[in-house]
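In what follows, a single structure is set out as structure tokens and then discussed.
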Amino acid sequence: MTQTISINFIVPQSWNDMSDKQLRYVYQLMASDFAIDEVKTFFLLKWSGAKLIGRQDSGAYLMKFGKTLFEVTPLTLAELLTNLDWLGQPPTSPVRLSKLNRRSALPADFQGVPFETFIVCDNYYQGYLQTSQDYLLDEIGRVCYQDEKLKFLPWQRISILFWIIALKELFARQFPDFFQPAGAADGNLLGATPASVEASMNAQIRALTKGDVTKESEVLALDTWRALTELNAQAKEYKELNAKMKS
């Protein structure tokens with residue numbers, strides 16, 4: 001007689017729902033070059049509480065949940081994996097390991113972090129986009145985990161890269177007049193291309209000091225969000241003035 005049982009697979013619904021252990025596990029899988037469907041499968045089995053026992057001659061998977069043995073067809077498993085499709089894309093809100101190599105991280109969204117720290121991280125990030133050199137991710141990690149001697153494994157570099165990608169995504173939404181696509185012709189105080197990172201950094205500082213070099217230290221010590229709020233307001237004003245002049 002066939003018996004019907006109900007098993008609830010409870011897994012995180014987004015990057016932000018994951019614990020440090022879960023984040024670490026995913027990054028380690030990614031660093032091992034598993035395909036994304038394999039990453040999702042391993043993650044589902046490990047964190048749902050179900051265990052894969054083996055594969056039946058029928059092609060179905062024999063699994064165990066607690067003391068209950070049950071079969072799952074490949075099609076059913078594939079349908080379950082759709083709940084983890086978000087793992088196929090970097091997070092859109094900042095997520096990071098709260099500690100790495102026993103060092104505590106800066107706030108994920110950089111609230112309360114000095115503007116100078118963000119400028120340094122963004123400088124390294126823009127350099128990484130141009131060169132794909134891992135040492136630049138290491139430099140970001142040393143800043144974000146506040147230890148200049150830290151060394152990083154491949155999976156830890158992935159965690160750092162995903163953090164900064166999500167941080168820039170958040171800032172693009174929060175400060176849309178300031179953070180614009182590369183090559184934008186107006187209102188972009190960051191500069192037109194990644195090649196002008198140093199010039200862009202200097203432009204940000206000049207915009208906030210309004211040319212008064214005696215205020216540079218004060219500006220660099222500003223909270224990142226406060227500094228970006230002011231830069232966004234200036235960019236918006238510039239765009240509005242430029243639009244009026246064109247009309």
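A note on labels: chains of the structure tokens are A, B, ... as shown, every chain counts residues from 1, and ligands are counted from 1 in their shown order.
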I'd like to know which residues of region 12-170 of chain A are alpha helix (DSSP H) (by DSSP, run on the backbone); could you write them as a PyMOL selection string?
chain A and resi 20-31+36-48+74-81+115-131+134-144+154-170
With C-alpha atoms retained, could you export that selection as a PDB file, in the first residue's frame?
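selection_13.pdb written:
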ATOM      1  CA  ASP A  20      27.163  33.205   8.631  1.00  0.00           C
ATOM      2  CA  LYS A  21      27.422  29.403   8.421  1.00  0.00           C
ATOM      3  CA  GLN A  22      25.088  29.292   5.430  1.00  0.00           C
ATOM      4  CA  LEU A  23      26.902  32.115   3.667  1.00  0.00           C
ATOM      5  CA  ARG A  24      30.220  30.426   4.260  1.00  0.00           C
ATOM      6  CA  TYR A  25      28.889  27.136   2.854  1.00  0.00           C
ATOM      7  CA  VAL A  26      27.568  28.774  -0.334  1.00  0.00           C
ATOM      8  CA  TYR A  27      30.762  30.733  -0.964  1.00  0.00           C
ATOM      9  CA  GLN A  28      32.843  27.589  -0.497  1.00  0.00           C
ATOM     10  CA  LEU A  29      30.699  25.742  -3.056  1.00  0.00           C
ATOM     11  CA  MET A  30      31.033  28.613  -5.511  1.00  0.00           C
ATOM     12  CA  ALA A  31      34.792  28.693  -5.057  1.00  0.00           C
ATOM     13  CA  ILE A  36      24.673  26.904  -9.781  1.00  0.00           C
ATOM     14  CA  ASP A  37      22.134  24.052  -9.837  1.00  0.00           C
ATOM     15  CA  GLU A  38      24.625  21.921  -7.931  1.00  0.00           C
ATOM     16  CA  VAL A  39      25.106  24.735  -5.421  1.00  0.00           C
ATOM     17  CA  LYS A  40      21.349  24.967  -4.948  1.00  0.00           C
ATOM     18  CA  THR A  41      21.007  21.194  -4.561  1.00  0.00           C
ATOM     19  CA  PHE A  42      23.780  20.912  -1.963  1.00  0.00           C
ATOM     20  CA  PHE A  43      22.376  23.906  -0.106  1.00  0.00           C
ATOM     21  CA  LEU A  44      18.833  22.512  -0.119  1.00  0.00           C
ATOM     22  CA  LEU A  45      19.940  19.145   1.240  1.00  0.00           C
ATOM     23  CA  LYS A  46      22.269  20.531   3.897  1.00  0.00           C
ATOM     24  CA  TRP A  47      20.025  23.240   5.352  1.00  0.00           C
ATOM     25  CA  SER A  48      16.561  21.721   4.948  1.00  0.00           C
ATOM     26  CA  PRO A  74      14.378  14.381 -10.226  1.00  0.00           C
ATOM     27  CA  LEU A  75      11.463  16.512 -11.462  1.00  0.00           C
ATOM     28  CA  THR A  76      10.239  17.187  -7.933  1.00  0.00           C
ATOM     29  CA  LEU A  77      13.751  18.057  -6.814  1.00  0.00           C
ATOM     30  CA  ALA A  78      14.130  20.449  -9.760  1.00  0.00           C
ATOM     31  CA  GLU A  79      10.858  22.132  -8.768  1.00  0.00           C
ATOM     32  CA  LEU A  80      12.136  22.530  -5.211  1.00  0.00           C
ATOM     33  CA  LEU A  81      15.308  24.185  -6.472  1.00  0.00           C
ATOM     34  CA  PHE A 115      33.536  58.435   3.929  1.00  0.00           C
ATOM     35  CA  GLU A 116      37.269  57.996   3.442  1.00  0.00           C
ATOM     36  CA  THR A 117      36.863  54.253   4.058  1.00  0.00           C
ATOM     37  CA  PHE A 118      34.225  53.986   1.360  1.00  0.00           C
ATOM     38  CA  ILE A 119      36.389  55.959  -1.083  1.00  0.00           C
ATOM     39  CA  VAL A 120      39.302  53.583  -0.487  1.00  0.00           C
ATOM     40  CA  CYS A 121      37.099  50.491  -0.977  1.00  0.00           C
ATOM     41  CA  ASP A 122      35.479  51.920  -4.103  1.00  0.00           C
ATOM     42  CA  ASN A 123      38.907  52.765  -5.504  1.00  0.00           C
ATOM     43  CA  TYR A 124      40.045  49.138  -5.096  1.00  0.00           C
ATOM     44  CA  TYR A 125      36.718  47.872  -6.467  1.00  0.00           C
ATOM     45  CA  GLN A 126      36.960  49.971  -9.617  1.00  0.00           C
ATOM     46  CA  GLY A 127      40.504  48.687 -10.048  1.00  0.00           C
ATOM     47  CA  TYR A 128      39.258  45.105  -9.713  1.00  0.00           C
ATOM     48  CA  LEU A 129      36.590  45.710 -12.378  1.00  0.00           C
ATOM     49  CA  GLN A 130      39.336  46.792 -14.752  1.00  0.00           C
ATOM     50  CA  THR A 131      41.942  44.146 -13.968  1.00  0.00           C
ATOM     51  CA  ASP A 134      42.534  39.183  -6.656  1.00  0.00           C
ATOM     52  CA  TYR A 135      44.883  41.270  -4.536  1.00  0.00           C
ATOM     53  CA  LEU A 136      42.479  44.199  -4.930  1.00  0.00           C
ATOM     54  CA  LEU A 137      39.698  42.159  -3.293  1.00  0.00           C
ATOM     55  CA  ASP A 138      42.173  41.335  -0.537  1.00  0.00           C
ATOM     56  CA  GLU A 139      42.763  45.048  -0.003  1.00  0.00           C
ATOM     57  CA  ILE A 140      39.001  45.643   0.270  1.00  0.00           C
ATOM     58  CA  GLY A 141      38.784  42.787   2.757  1.00  0.00           C
ATOM     59  CA  ARG A 142      41.568  44.214   4.903  1.00  0.00           C
ATOM     60  CA  VAL A 143      39.745  47.536   5.065  1.00  0.00           C
ATOM     61  CA  CYS A 144      36.310  46.007   5.706  1.00  0.00           C
ATOM     62  CA  PRO A 154      39.207  32.092  -2.783  1.00  0.00           C
ATOM     63  CA  TRP A 155      35.785  31.625  -1.143  1.00  0.00           C
ATOM     64  CA  GLN A 156      36.470  34.563   1.180  1.00  0.00           C
ATOM     65  CA  ARG A 157      37.268  36.758  -1.815  1.00  0.00           C
ATOM     66  CA  ILE A 158      33.891  35.824  -3.305  1.00  0.00           C
ATOM     67  CA  SER A 159      32.204  36.933  -0.089  1.00  0.00           C
ATOM     68  CA  ILE A 160      34.029  40.273  -0.241  1.00  0.00           C
ATOM     69  CA  LEU A 161      33.164  40.771  -3.919  1.00  0.00           C
ATOM     70  CA  PHE A 162      29.467  40.018  -3.332  1.00  0.00           C
ATOM     71  CA  TRP A 163      29.436  42.439  -0.401  1.00  0.00           C
ATOM     72  CA  ILE A 164      30.813  45.366  -2.406  1.00  0.00           C
ATOM     73  CA  ILE A 165      28.593  44.573  -5.426  1.00  0.00           C
ATOM     74  CA  ALA A 166      25.514  44.639  -3.212  1.00  0.00           C
ATOM     75  CA  LEU A 167      26.694  47.791  -1.439  1.00  0.00           C
ATOM     76  CA  LYS A 168      27.067  49.636  -4.748  1.00  0.00           C
ATOM     77  CA  GLU A 169      23.640  48.313  -5.815  1.00  0.00           C
ATOM     78  CA  LEU A 170      22.112  49.717  -2.632  1.00  0.00           C
TER      79      LEU A 170
END
Residues of region 83-210 of chain A classed as strand (DSSP E) by DSSP on the backbone are to be reported as JSON, numbers by chain.
{"A": [99, 100, 103, 104]}
Go ahead and dump the residues you just picked, all heavy atoms, as a compact mmCIF listing (two decimals), in the first residue's frame.
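Dumped everything to result-v2.txt:
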# COMPACT_ATOMS: atom_id res chain seq x y z
N LYS A 99 32.05 38.01 10.78
CA LYS A 99 33.45 37.87 11.15
C LYS A 99 34.18 37.05 10.11
O LYS A 99 33.62 36.12 9.53
CB LYS A 99 33.60 37.21 12.53
CG LYS A 99 33.21 38.10 13.69
CD LYS A 99 33.59 37.49 15.02
CE LYS A 99 33.30 38.44 16.18
NZ LYS A 99 33.71 37.86 17.49
N LEU A 100 35.43 37.40 9.87
CA LEU A 100 36.27 36.66 8.94
C LEU A 100 37.65 36.57 9.56
O LEU A 100 38.23 37.60 9.94
CB LEU A 100 36.33 37.39 7.59
CG LEU A 100 36.64 36.54 6.35
CD1 LEU A 100 35.65 35.39 6.21
CD2 LEU A 100 36.61 37.41 5.11
N ARG A 103 38.06 38.43 12.72
CA ARG A 103 38.00 39.89 12.70
C ARG A 103 36.58 40.34 12.39
O ARG A 103 35.95 39.82 11.46
CB ARG A 103 38.97 40.46 11.66
CG ARG A 103 40.44 40.17 11.95
CD ARG A 103 40.90 40.91 13.20
NE ARG A 103 42.33 40.76 13.43
CZ ARG A 103 42.89 39.82 14.18
NH1 ARG A 103 42.11 38.92 14.78
NH2 ARG A 103 44.20 39.77 14.35
N SER A 104 36.07 41.28 13.14
CA SER A 104 34.71 41.77 12.94
C SER A 104 34.62 42.68 11.74
O SER A 104 35.55 43.46 11.46
CB SER A 104 34.23 42.52 14.19
OG SER A 104 34.18 41.65 15.31
Can you tell me how far CA of Gln204 (chain A) sits from CA of Gln174 (chain A), in Å to one decimal?
17.1 Å
Do you have the CA of Asn242 (chain A)-CA of Arg173 (chain A) distance handy?
22.1 Å
Suppose you want the space between CA of Pro176 (chain A) and CA of Leu231 (chain A); what is it in Å?
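CA of Leu231 (chain A) lies 10.6 Å from CA of Pro176 (chain A).
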Excluding Phe110 (chain A) and residues on its chain fewer than 4 positions from it, collect all residues at most 8 Å away from it, counting only C-alpha atoms, and give them as an NGL selection string.
:A and (106 or 118 or 224-225)
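Distance check against Arg102 (chain A) using only C-alpha atoms: of A:Thr68, A:Ser14, A:Asn232, A:Gln146, the minimum falls on A:Gln146.
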